[in-house]
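Visitor: Structure: coords23.txt, compact mmCIF, C-alpha atoms and all ligand atoms.
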```
# COMPACT_ATOMS: atom_id res chain seq x y z
CA MET A 1 111.60 179.15 18.67
CA GLY A 2 108.80 176.55 18.71
CA GLU A 3 107.00 177.17 22.04
CA ASP A 4 106.56 180.69 23.49
CA LEU A 5 108.51 180.56 26.73
CA SER A 6 108.50 184.26 27.52
CA SER A 7 106.06 183.91 30.43
CA THR A 8 107.16 180.52 31.80
CA LEU A 9 110.97 180.60 31.52
CA VAL A 10 112.67 181.89 34.66
CA VAL A 11 116.42 182.50 34.88
CA ARG A 12 117.72 182.91 38.42
CA GLU A 13 120.81 182.41 40.55
CA PHE A 14 121.79 178.82 41.36
CA ASP A 15 120.87 177.67 44.86
CA LEU A 16 123.15 174.86 46.07
CA ASN A 17 120.63 173.22 48.41
CA LYS A 18 117.69 173.45 46.07
CA ASP A 19 119.31 172.84 42.68
CA ARG A 20 122.32 170.61 43.11
CA GLU A 21 120.78 167.28 42.20
CA ARG A 22 118.74 168.67 39.32
CA VAL A 23 121.75 170.47 37.87
CA GLU A 24 123.71 167.23 38.04
CA ALA A 25 120.89 165.44 36.23
CA VAL A 26 120.96 167.99 33.39
CA GLU A 27 124.77 167.75 33.27
CA ARG A 28 124.56 163.96 32.95
CA SER A 29 122.09 164.21 30.11
CA CYS A 30 124.28 166.60 28.08
CA GLU A 31 126.94 165.30 25.82
CA VAL A 32 129.36 167.98 24.75
CA GLY A 33 130.24 167.53 21.10
CA PRO A 34 128.52 166.06 18.09
CA SER A 35 126.17 163.19 18.94
CA GLY A 36 126.71 159.69 17.64
CA LYS A 37 130.49 159.92 18.14
CA LEU A 38 132.81 159.66 21.13
CA SER A 39 131.71 162.23 23.69
CA LEU A 40 133.00 163.53 26.96
CA PHE A 41 130.95 163.52 30.15
CA THR A 42 131.85 165.56 33.20
CA ASP A 43 131.26 164.71 36.85
CA MET A 44 131.49 167.80 39.09
CA LEU A 45 131.88 165.60 42.17
CA GLY A 46 128.87 167.14 43.90
CA ASP A 47 129.98 170.75 43.45
CA PRO A 48 128.39 172.36 40.35
CA ILE A 49 130.25 175.65 40.92
CA CYS A 50 133.63 173.94 41.05
CA ARG A 51 134.75 175.25 37.68
CA VAL A 52 134.34 178.90 38.63
CA ARG A 53 134.65 179.03 42.40
CA HIS A 54 138.40 179.75 42.37
CA SER A 55 137.99 182.94 40.33
CA PRO A 56 137.85 186.37 42.01
CA ALA A 57 134.13 186.81 41.13
CA PHE A 58 131.72 184.21 39.82
CA LEU A 59 128.05 183.50 39.23
CA MET A 60 125.99 180.48 38.25
CA LEU A 61 122.50 180.85 36.79
CA VAL A 62 119.84 178.22 36.18
CA ALA A 63 116.82 178.23 33.85
CA GLU A 64 113.49 176.80 34.98
CA ILE A 65 110.21 176.15 33.22
CA GLY A 66 107.34 175.60 35.63
CA GLY A 67 109.65 174.20 38.29
CA GLU A 68 111.61 171.96 35.89
CA LEU A 69 115.30 172.82 35.77
CA VAL A 70 116.25 172.94 32.08
CA GLY A 71 119.61 174.65 31.80
CA MET A 72 122.51 176.41 33.46
CA ILE A 73 125.47 178.66 32.81
CA ARG A 74 128.55 179.67 34.80
CA GLY A 75 130.53 182.87 34.49
CA CYS A 76 133.48 184.48 36.19
CA ILE A 77 135.28 187.82 36.10
CA LYS A 78 138.95 188.61 36.52
CA THR A 79 141.64 191.02 35.36
CA VAL A 80 144.06 189.83 32.69
CA THR A 81 146.67 191.14 30.27
CA CYS A 82 145.24 192.17 26.89
CA GLY A 83 148.37 193.77 25.45
CA LYS A 84 151.54 195.62 26.30
CA ARG A 85 153.02 199.10 26.13
CA LEU A 86 156.39 200.68 26.74
CA SER A 87 156.80 201.70 30.33
CA ARG A 88 156.89 205.45 30.98
CA ASN A 89 160.48 205.17 32.18
CA GLY A 90 161.39 203.25 29.05
CA LYS A 91 160.10 206.01 26.77
CA HIS A 92 162.58 208.50 28.19
CA ASN A 93 165.46 206.13 28.34
CA ASN A 94 165.75 203.79 25.40
CA THR A 95 168.42 201.66 27.03
CA ASN A 96 165.94 200.64 29.74
CA ALA A 97 162.95 200.38 27.41
CA LYS A 98 160.69 197.75 28.90
CA HIS A 99 157.27 196.48 27.99
CA VAL A 100 154.67 196.44 30.71
CA PRO A 101 151.26 194.76 30.60
CA VAL A 102 148.00 196.50 29.80
CA TYR A 103 145.26 194.92 31.89
CA THR A 104 141.54 194.67 31.29
CA LYS A 105 138.57 193.29 33.17
CA VAL A 106 137.38 190.23 31.35
CA ALA A 107 134.55 187.75 31.85
CA TYR A 108 134.52 184.10 30.95
CA ILE A 109 131.44 181.97 30.17
CA LEU A 110 131.60 178.24 30.73
CA GLY A 111 129.48 175.19 31.48
CA LEU A 112 126.47 176.28 29.44
CA ARG A 113 124.03 173.38 29.22
CA VAL A 114 120.42 173.00 28.12
CA SER A 115 118.44 169.75 28.56
CA PRO A 116 118.35 167.86 25.25
CA ASN A 117 114.53 167.89 25.14
CA ARG A 118 114.41 171.66 25.65
CA ARG A 119 116.84 172.78 22.97
CA ARG A 120 116.21 175.31 20.17
CA MET A 121 113.69 177.16 22.32
CA GLY A 122 115.89 180.16 23.09
CA ILE A 123 116.93 179.01 26.58
CA GLY A 124 120.68 179.04 25.85
CA LEU A 125 120.38 182.53 24.41
CA LYS A 126 118.48 183.81 27.44
CA LEU A 127 121.06 182.35 29.83
CA VAL A 128 123.92 184.03 27.93
CA ARG A 129 122.14 187.40 27.86
CA LYS A 130 121.37 187.30 31.56
CA MET A 131 124.97 186.40 32.35
CA GLU A 132 126.23 189.29 30.19
CA THR A 133 124.02 191.68 32.17
CA TRP A 134 125.89 190.63 35.31
CA PHE A 135 129.23 191.12 33.50
CA ARG A 136 128.25 194.64 32.40
CA ASP A 137 126.95 195.54 35.86
CA ASN A 138 130.42 194.67 37.13
CA GLY A 139 132.28 196.88 34.66
CA THR A 140 133.61 194.06 32.50
CA GLU A 141 135.04 195.15 29.17
CA TYR A 142 135.17 191.83 27.31
CA SER A 143 133.44 188.47 27.51
CA TYR A 144 134.83 185.26 26.05
CA MET A 145 133.99 181.59 25.85
CA THR A 146 135.77 178.50 24.63
CA THR A 147 134.38 175.51 22.83
CA GLU A 148 135.40 172.69 20.57
CA LYS A 149 135.49 174.13 17.09
CA ASN A 150 133.12 171.43 15.77
CA ASN A 151 130.45 172.21 18.39
CA LEU A 152 128.13 173.83 15.87
CA ALA A 153 125.30 174.62 18.31
CA SER A 154 127.62 176.45 20.66
CA VAL A 155 129.61 178.28 17.95
CA LYS A 156 126.46 179.41 16.16
CA LEU A 157 124.75 180.52 19.36
CA PHE A 158 127.68 182.75 20.30
CA THR A 159 128.72 184.05 16.86
CA ASP A 160 125.36 184.33 15.06
CA LYS A 161 123.12 185.34 17.95
CA CYS A 162 125.29 186.90 20.65
CA GLY A 163 127.79 188.99 18.65
CA TYR A 164 130.98 187.08 19.54
CA SER A 165 133.80 186.77 17.00
CA LYS A 166 136.21 183.89 16.57
CA PHE A 167 139.31 185.04 18.43
CA ARG A 168 141.98 182.41 19.13
CA ASN A 169 142.57 178.73 18.35
CA PRO A 170 144.75 177.26 21.09
CA SER A 171 145.72 173.60 20.91
CA ILE A 172 144.72 171.22 23.68
CA LEU A 173 147.56 168.73 24.01
CA VAL A 174 146.71 165.56 25.91
CA ASN A 175 149.03 162.73 26.82
CA PRO A 176 148.03 159.48 28.51
CA VAL A 177 149.63 158.64 31.81
CA PHE A 178 151.36 155.34 31.26
CA ALA A 179 151.94 152.54 33.74
CA HIS A 180 155.72 153.11 33.45
CA PRO A 181 157.53 156.31 34.50
CA ALA A 182 158.61 158.74 31.78
CA ARG A 183 162.31 159.33 31.29
CA VAL A 184 163.63 162.68 32.51
CA SER A 185 166.99 163.59 30.96
CA PRO A 186 169.79 163.36 33.56
CA LYS A 187 171.32 166.43 31.86
CA VAL A 188 168.46 168.56 33.12
CA ARG A 189 168.02 169.74 36.67
CA ILE A 190 164.48 170.31 37.92
CA ILE A 191 163.99 172.83 40.71
CA SER A 192 160.76 173.09 42.66
CA LEU A 193 159.81 176.74 43.26
CA SER A 194 157.75 178.13 46.11
CA PRO A 195 154.61 180.08 45.06
CA SER A 196 156.33 183.40 45.80
CA GLU A 197 159.43 182.44 43.79
CA ALA A 198 157.22 181.31 40.92
CA GLU A 199 155.32 184.60 41.10
CA VAL A 200 158.56 186.60 40.69
CA LEU A 201 159.51 184.63 37.58
CA TYR A 202 156.01 184.73 36.10
CA ARG A 203 155.61 188.47 36.62
CA HIS A 204 159.06 189.10 35.15
CA HIS A 205 158.71 186.91 32.07
CA PHE A 206 155.03 186.39 31.36
CA ALA A 207 153.12 189.46 32.59
CA THR A 208 152.79 190.75 29.00
CA THR A 209 151.45 187.41 27.69
CA GLU A 210 147.78 187.50 26.64
CA PHE A 211 145.36 186.40 29.38
CA PHE A 212 148.04 186.51 32.11
CA PRO A 213 145.94 186.86 35.30
CA ARG A 214 146.86 189.87 37.39
CA ASP A 215 146.11 187.79 40.49
CA VAL A 216 148.57 185.05 39.47
CA ASP A 217 149.61 184.90 43.14
CA SER A 218 146.18 183.55 44.11
CA VAL A 219 146.47 180.92 41.39
CA LEU A 220 149.90 179.85 42.64
CA ASN A 221 148.79 179.79 46.29
CA ASN A 222 145.62 177.83 45.57
CA LYS A 223 145.54 174.38 47.18
CA LEU A 224 144.93 172.84 43.74
CA ASN A 225 148.29 174.12 42.53
CA LEU A 226 150.68 171.22 42.96
CA GLY A 227 153.79 173.27 42.30
CA THR A 228 155.89 175.20 39.82
CA PHE A 229 158.98 173.58 38.36
CA LEU A 230 161.97 175.14 36.68
CA ALA A 231 164.25 173.15 34.35
CA VAL A 232 167.84 174.22 33.70
CA PRO A 233 170.78 172.44 32.04
CA ASN A 234 172.69 170.56 34.72
CA GLU A 235 176.03 172.09 33.80
CA SER A 236 174.72 175.65 34.28
CA TYR A 237 174.45 175.17 38.05
CA LYS A 238 177.69 174.51 39.82
CA SER A 239 176.18 174.86 43.25
CA ASP A 240 173.73 172.30 44.61
CA ILE A 241 171.70 175.05 46.21
CA TRP A 242 169.04 176.98 44.37
CA LEU A 243 169.92 180.61 44.92
CA GLY A 244 166.50 182.10 44.40
CA PRO A 245 164.71 183.92 41.59
CA ASP A 246 166.56 187.26 41.87
CA LEU A 247 169.96 185.71 41.24
CA PHE A 248 168.46 183.52 38.54
CA LEU A 249 167.06 186.58 36.75
CA SER A 250 170.32 188.53 37.05
CA ASP A 251 172.35 185.68 35.53
CA PRO A 252 170.05 183.16 33.80
CA PRO A 253 171.43 179.99 32.16
CA HIS A 254 171.49 179.92 28.33
CA SER A 255 168.31 177.83 28.32
CA TRP A 256 165.54 177.21 30.82
CA ALA A 257 161.83 176.46 31.03
CA MET A 258 159.15 176.44 33.70
CA VAL A 259 155.68 175.02 34.18
CA SER A 260 153.07 174.76 36.92
CA VAL A 261 150.83 171.78 37.59
CA TRP A 262 147.17 172.03 38.62
CA ASN A 263 145.30 169.19 40.27
CA SER A 264 142.06 169.15 38.24
CA LYS A 265 141.37 165.65 39.58
CA GLU A 266 140.10 167.18 42.83
CA VAL A 267 137.61 169.35 40.94
CA PHE A 268 135.95 167.08 38.43
CA THR A 269 136.35 163.88 36.48
CA PHE A 270 135.79 163.06 32.84
CA GLU A 271 134.53 159.94 31.14
CA LEU A 272 134.61 159.01 27.46
CA ARG A 273 131.39 157.44 26.22
CA GLY A 274 130.42 155.94 22.91
CA ALA A 275 133.56 153.84 22.29
CA SER A 276 133.14 150.48 20.59
CA ARG A 277 133.84 147.23 22.43
CA VAL A 278 136.82 146.65 20.09
CA SER A 279 138.43 149.99 21.04
CA ARG A 280 137.96 149.25 24.74
CA THR A 281 139.50 145.80 24.44
CA LEU A 282 142.45 147.12 22.44
CA ALA A 283 143.06 149.84 25.03
CA LYS A 284 142.89 147.28 27.85
CA THR A 285 145.41 145.04 26.11
CA THR A 286 147.97 147.86 25.85
CA ARG A 287 147.63 148.50 29.60
CA VAL A 288 148.04 144.88 30.53
CA VAL A 289 151.24 144.69 28.47
CA ASP A 290 152.58 147.97 29.91
CA ARG A 291 151.92 146.85 33.50
CA ALA A 292 153.44 143.43 32.92
CA LEU A 293 156.56 144.72 31.12
CA PRO A 294 157.13 148.28 32.39
CA TRP A 295 160.84 148.24 31.47
CA LEU A 296 159.89 148.10 27.77
CA ARG A 297 158.30 151.55 28.17
CA LEU A 298 155.56 150.72 25.68
CA PRO A 299 152.91 153.40 25.29
CA SER A 300 149.56 152.23 26.66
CA MET A 301 146.08 153.67 26.48
CA PRO A 302 144.72 154.40 29.97
CA ASP A 303 141.13 153.51 30.85
CA LEU A 304 139.25 156.65 29.83
CA PHE A 305 135.93 154.80 29.62
CA ARG A 306 135.44 155.03 33.41
CA PRO A 307 135.58 158.37 35.29
CA PHE A 308 139.17 159.62 35.32
CA GLY A 309 141.05 162.56 36.77
CA PHE A 310 143.79 164.60 35.19
CA HIS A 311 146.50 167.15 35.88
CA PHE A 312 146.74 170.34 33.88
CA MET A 313 150.06 171.99 33.05
CA TYR A 314 149.87 175.78 32.76
CA GLY A 315 152.18 178.78 32.72
CA LEU A 316 154.57 176.97 30.41
CA GLY A 317 157.39 179.16 29.17
CA GLY A 318 161.11 179.38 28.72
CA GLU A 319 163.97 180.64 26.67
CA GLY A 320 167.15 179.64 24.90
CA PRO A 321 168.33 177.17 22.27
CA GLU A 322 167.58 174.22 24.55
CA GLY A 323 164.20 175.53 25.74
CA VAL A 324 162.33 172.70 23.99
CA LYS A 325 164.58 170.12 25.65
CA MET A 326 163.89 171.73 29.04
CA VAL A 327 160.12 171.56 28.36
CA LYS A 328 160.42 167.89 27.44
CA ALA A 329 162.13 167.17 30.75
CA LEU A 330 159.42 169.11 32.62
CA CYS A 331 156.68 167.14 30.86
CA GLY A 332 158.40 163.87 31.85
CA PHE A 333 158.57 165.09 35.44
CA ALA A 334 154.88 166.14 35.36
CA HIS A 335 153.94 162.76 33.86
CA ASN A 336 155.55 160.97 36.78
CA LEU A 337 153.82 163.24 39.27
CA ALA A 338 150.46 162.48 37.58
CA MET A 339 151.25 158.76 37.69
CA GLU A 340 152.06 158.97 41.40
CA LYS A 341 148.74 160.77 42.07
CA GLY A 342 146.63 158.26 40.11
CA CYS A 343 145.73 160.49 37.16
CA ARG A 344 145.09 158.92 33.80
CA VAL A 345 145.74 161.97 31.66
CA LEU A 346 148.10 164.96 31.58
CA ALA A 347 146.83 167.91 29.58
CA THR A 348 147.85 171.41 28.62
CA GLU A 349 146.67 174.15 26.31
CA VAL A 350 149.01 176.35 24.29
CA SER A 351 148.94 178.90 21.49
CA PRO A 352 149.33 177.35 18.02
CA ASN A 353 152.35 179.69 17.63
CA GLU A 354 154.02 178.55 20.86
CA PRO A 355 157.62 177.68 19.95
CA LEU A 356 157.98 175.43 23.01
CA ARG A 357 155.06 173.16 22.03
CA PHE A 358 157.49 170.86 20.22
CA GLY A 359 158.71 169.71 23.62
CA ILE A 360 155.24 168.63 24.80
CA PRO A 361 154.53 164.93 24.22
CA HIS A 362 150.90 164.28 23.30
CA TRP A 363 148.65 161.87 21.49
CA LYS A 364 146.96 163.31 18.43
CA MET A 365 143.86 161.15 18.92
CA LEU A 366 143.28 162.68 22.39
CA SER A 367 144.32 166.24 21.48
CA GLY A 368 142.50 168.88 19.49
CA GLU A 369 141.95 172.48 18.64
CA ASP A 370 139.88 174.74 20.84
CA LEU A 371 138.00 177.81 19.65
CA TRP A 372 137.89 180.94 21.80
CA CYS A 373 135.24 183.49 20.89
CA MET A 374 135.29 187.01 22.27
CA LYS A 375 132.96 190.00 22.41
CA ARG A 376 133.52 193.56 23.48
CA LEU A 377 130.80 194.37 25.95
CA GLY A 378 130.95 198.15 25.82
CA GLU A 379 132.10 200.66 23.23
CA ASP A 380 132.61 203.45 25.70
CA TYR A 381 135.75 202.07 27.34
CA SER A 382 139.04 203.83 26.69
CA ASP A 383 140.98 202.14 23.90
CA GLY A 384 144.31 202.88 25.54
CA SER A 385 147.35 201.67 23.65
CA VAL A 386 145.80 198.29 22.80
CA GLY A 387 142.65 199.33 20.94
CA ASP A 388 139.87 196.81 20.50
CA TRP A 389 141.37 193.53 21.76
CA THR A 390 138.90 191.45 19.73
CA LYS A 391 140.58 192.74 16.56
CA SER A 392 144.19 192.16 17.67
CA GLN A 393 146.61 189.62 16.22
CA PRO A 394 147.46 186.58 18.38
CA GLY A 395 150.82 186.55 20.15
CA MET A 396 153.31 183.69 20.29
CA SER A 397 151.99 182.51 23.65
CA ILE A 398 148.79 182.53 25.62
CA PHE A 399 148.33 182.10 29.38
CA VAL A 400 145.59 179.56 30.06
CA ASP A 401 144.22 180.02 33.55
CA PRO A 402 143.88 176.59 35.23
CA ARG A 403 140.95 177.83 37.33
CA GLU A 404 138.78 177.77 34.22
CA VAL A 405 139.78 174.49 32.67
C1 LIG A 501 124.73 174.87 22.96
C2 LIG A 501 123.40 174.79 23.71
C3 LIG A 501 123.60 175.34 25.12
C4 LIG A 501 122.38 175.69 22.98
O1 LIG A 501 121.21 175.80 23.79
P1 LIG A 501 119.75 176.07 23.16
O2 LIG A 501 118.85 176.45 24.27
O3 LIG A 501 119.34 174.94 22.32
O4 LIG A 501 120.06 177.32 22.23
P2 LIG A 501 118.98 178.37 21.70
O5 LIG A 501 117.66 177.74 21.50
O6 LIG A 501 119.00 179.57 22.58
O7 LIG A 501 119.60 178.71 20.28
C5 LIG A 501 119.94 180.02 19.91
C6 LIG A 501 120.67 179.95 18.57
O8 LIG A 501 121.85 179.15 18.65
C7 LIG A 501 122.07 178.46 17.43
N1 LIG A 501 121.90 177.01 17.64
C8 LIG A 501 121.52 176.39 18.78
N2 LIG A 501 121.54 175.04 18.60
C9 LIG A 501 121.93 174.82 17.34
C10 LIG A 501 122.17 173.65 16.59
N3 LIG A 501 121.96 172.42 17.11
N4 LIG A 501 122.60 173.78 15.31
C11 LIG A 501 122.81 175.00 14.78
N5 LIG A 501 122.61 176.16 15.45
C12 LIG A 501 122.17 176.08 16.71
C13 LIG A 501 120.99 178.95 16.49
O9 LIG A 501 121.49 180.13 15.87
C14 LIG A 501 119.89 179.30 17.46
O10 LIG A 501 118.96 180.22 16.94
P3 LIG A 501 117.69 179.68 16.09
O11 LIG A 501 117.05 178.57 16.88
O12 LIG A 501 116.83 180.90 15.97
O13 LIG A 501 118.24 179.19 14.78
C15 LIG A 501 122.83 173.35 23.77
O14 LIG A 501 122.84 172.83 22.46
C16 LIG A 501 123.62 172.41 24.69
O15 LIG A 501 123.37 172.34 25.88
N6 LIG A 501 124.59 171.67 24.12
C17 LIG A 501 125.40 170.71 24.87
C18 LIG A 501 126.38 171.39 25.79
C19 LIG A 501 127.29 172.34 25.03
O16 LIG A 501 127.79 172.02 23.96
N7 LIG A 501 127.48 173.51 25.63
C20 LIG A 501 128.31 174.55 25.08
C21 LIG A 501 129.71 174.36 25.54
S1 LIG A 501 130.42 175.92 25.77
```
Show me this structure written as structure tokens.

Guide:
Amino acid sequence: MGEDLSSTLVVREFDLNKDRERVEAVERSCEVGPSGKLSLFTDMLGDPICRVRHSPAFLMLVAEIGGELVGMIRGCIKTVTCGKRLSRNGKHNNTNAKHVPVYTKVAYILGLRVSPNRRRMGIGLKLVRKMETWFRDNGTEYSYMTTEKNNLASVKLFTDKCGYSKFRNPSILVNPVFAHPARVSPKVRIISLSPSEAEVLYRHHFATTEFFPRDVDSVLNNKLNLGTFLAVPNESYKSDIWLGPDLFLSDPPHSWAMVSVWNSKEVFTFELRGASRVSRTLAKTTRVVDRALPWLRLPSMPDLFRPFGFHFMYGLGGEGPEGVKMVKALCGFAHNLAMEKGCRVLATEVSPNEPLRFGIPHWKMLSGEDLWCMKRLGEDYSDGSVGDWTKSQPGMSIFVDPREV
């Protein structure tokens, strides 16, 4: 640390009226990712707490030096699945053996920013420590954060200084929204589920998936949730009427898949900066051609060099030999929904082991690998049947909560 900040640095709770503009100024000055390359800028649309406000409990802190706002951090707390165990009934009766989720209280850190001219002075570290105090005071067992794996400053801060270990590497899969609609196979039927129907299916099939939020009903009923969609082979449904989740679960088709869509466009926008004039012109040319000749269905690069909104697909899952085909149809459907709503990108995040990822169209140049780092906040919690979650092996799937994207 160059300058001794111990007496001048104050970390306190964010005050919307007092801090909003200054927080936005710091946000604008921060590029996330290595400098000198393409970087992503975020516009919170006048609401700096937008990325945590939909969680059951949240806090935003700011750092000040002599009245100058120099950094901020957001955190939220919720209860999620960290493992599974056999249900008590199942233990006595092997024929009905059923896995049930083991839940834990977990905290998530996001939106940590320090003004470029105030870096390497220990401000980031102080913000993280203060946030962890709030997590501990609220009985949180684990804390985690996500970052791009090449964000050295962030990775080193959390792993070298704060005791986090590298935990999971989900893939962020991003597809442009083209000017022409995507094709949805006519052999697949897409059914729109109500939030309560979606909840039944999610709790039945995904409750034991890592990071499944126990309050999935509040996610599904949130106004940002645009809907949950179920894909089934056309021939498996003789009737035109959807008979509800209970009948579906008692006699499911051989293959199916489901996904929910979250309207991140209402929360914040992104903008890519640092692209060369040549790249911009090339991208523009592809759009002009796509708009002029939509029937050719040529892939085009949307304008990501101005602020753009996106939709996020979450809760993706399914079963059966044609599960990947069902996912592909759902992604086509979600693409067309994003197109209708004026989004320029459709994104999702899945486990690297997710077998259904092969059905998700995406552009490699826009996609990437995320790094999730996790820390156990207290040693005196009961280990239960899961043990220390930070040391567990990854599962096939992961549930990425759209509230924290
Ligand atoms: C990541 C960030 C918040 C760090 O803030 P900071 O106030 O500079 O961090 P600190 O001074 O508290 O650094 C603490 C430790 O983190 C590590 N660290 C921080 N910046 C680093 C860098 N550029 N390179 C390598 N290690 C770094 C070091 O271990 C450092 O300890 P040291 O200075 O004794 O070597 C800041 O760089 C930033 O705002 N980056 C842009 C936004 C971003 O990437 N946020 C994280 C997304 S989750």

Visitor: Using only C-alpha atoms and all ligand atoms, find each residue with an atom at most 8 Å away from ligand LIG 501 (chain A) and format the answer as a ChimeraX atom specification.

Guide: /A:1,30-33,71,109-116,118-126,145-148,151-158,160-161

Visitor: Kindly extract all protein, DNA and RNA residues lying within 7 Å of the coordinates (155.7, 179.9, 22.5) given in the file, considering all atoms listed in the file, and supply them as a ChimeraX atom specification.

Guide: /A:317,351,353-357,396-397

Visitor: With distances taken over only C-alpha atoms, which of A:Lys130, A:Arg53, A:His180, A:Lys341 is nearest to Ser300 in chain A?

Guide: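 Smallest separation from Ser300 in chain A among the options: A:His180.
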
Visitor: Wanna dump the range 254-288 of chain A-range 185-190 of chain A contacts at 10 Å for me, each residue with its shortest atom pair and the distance in Å to one decimal, counting only C-alpha atoms, ordered by chain and number, as a Markdown table?

Guide:
```
| residue | atom | partner | partner_atom | distance |
| --- | --- | --- | --- | --- |
| A:Trp256 | CA | A:Val188 | CA | 9.4 |
| A:Ala257 | CA | A:Ile190 | CA | 9.6 |
| A:Met258 | CA | A:Ile190 | CA | 9.2 |
```

Visitor: Separation of CA of Met72 in chain A and CA of Asp303 in chain A, in Å?

Guide: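 Rounded to one decimal, the two atoms are 29.6 Å apart.
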
Visitor: Nearest to Met313 in chain A among A:Ala283, A:Leu296, A:Val219, A:Ala334, with distances taken over all atoms listed in the file: which residue is it?

Guide: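 Of A:Ala283, A:Leu296, A:Val219, A:Ala334, the one nearest Met313 in chain A, counting all atoms listed in the file, is A:Ala334.
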
Visitor: Please indicate the distance in Å from CA of Val184 in chain A to CA of His335 in chain A, rounded to one decimal place.

Guide: 9.8 Å

Visitor: With all atoms listed in the file as the basis for distance, which of A:His205, A:Arg277, A:Gly395, A:Val400 is at the shortest distance from Gly83 in chain A?

Guide: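 The answer is A:Gly395, which sits nearest to Gly83 in chain A.
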
Visitor: Near Pro253 in chain A, counting only C-alpha atoms, which residues have an atom at most 10 Å away, once you skip same-chain residues fewer than 4 positions from it, shown as a PyMOL selection string?

Guide: chain A and resi 232-237+248-249+319-320

Visitor: Using only C-alpha atoms, can you tell me which of A:Leu337, A:Val11, A:Val350, A:Ala198 comes closest to Leu220 in chain A?

Guide: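 Answer, going by the shortest atom-to-atom distance: A:Ala198.
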
Visitor: Considering all atoms listed in the file, can you say which of A:Lys265, A:Leu173, A:Ser143, A:Asp251 comes closest to Phe358 in chain A?

Guide: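 Counting all atoms listed in the file, the residue closest to Phe358 in chain A is A:Leu173.
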
Visitor: Under the rule that all atoms listed in the file are counted, which of A:Thr285, A:Ser87, A:Asn175, A:Asn17 is the nearest residue to His362 in chain A?

Guide: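 Using all atoms listed in the file, His362 in chain A sits closest to A:Asn175.
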
Visitor: Is it possible to add N, CA and C atoms to range 18-32 of chain A and hand it back as a compact mmCIF listing (two decimals), keeping the file's coordinate frame?

Guide:
```
# COMPACT_ATOMS: atom_id res chain seq x y z
N LYS A 18 118.90 173.74 46.85
CA LYS A 18 117.69 173.45 46.07
C LYS A 18 117.99 172.78 44.72
N ASP A 19 119.11 173.18 44.10
CA ASP A 19 119.31 172.84 42.68
C ASP A 19 120.36 171.77 42.41
N ARG A 20 121.15 171.43 43.41
CA ARG A 20 122.32 170.61 43.11
C ARG A 20 121.99 169.33 42.33
N GLU A 21 121.05 168.57 42.85
CA GLU A 21 120.78 167.28 42.20
C GLU A 21 120.21 167.45 40.80
N ARG A 22 119.36 168.47 40.64
CA ARG A 22 118.74 168.67 39.32
C ARG A 22 119.76 169.17 38.30
N VAL A 23 120.69 170.00 38.77
CA VAL A 23 121.75 170.47 37.87
C VAL A 23 122.61 169.28 37.43
N GLU A 24 122.89 168.41 38.39
CA GLU A 24 123.71 167.23 38.04
C GLU A 24 122.99 166.34 37.04
N ALA A 25 121.66 166.26 37.18
CA ALA A 25 120.89 165.44 36.23
C ALA A 25 120.97 166.03 34.82
N VAL A 26 120.86 167.36 34.72
CA VAL A 26 120.96 167.99 33.39
C VAL A 26 122.36 167.76 32.83
N GLU A 27 123.37 167.93 33.69
CA GLU A 27 124.77 167.75 33.27
C GLU A 27 124.96 166.34 32.70
N ARG A 28 124.39 165.36 33.40
CA ARG A 28 124.56 163.96 32.95
C ARG A 28 123.90 163.72 31.60
N SER A 29 122.83 164.46 31.36
CA SER A 29 122.09 164.21 30.11
C SER A 29 122.72 164.93 28.91
N CYS A 30 123.70 165.79 29.17
CA CYS A 30 124.28 166.60 28.08
C CYS A 30 125.59 166.02 27.61
N GLU A 31 125.64 165.68 26.35
CA GLU A 31 126.94 165.30 25.82
C GLU A 31 127.50 166.53 25.12
N VAL A 32 128.76 166.83 25.39
CA VAL A 32 129.36 167.98 24.75
C VAL A 32 130.06 167.47 23.50
```
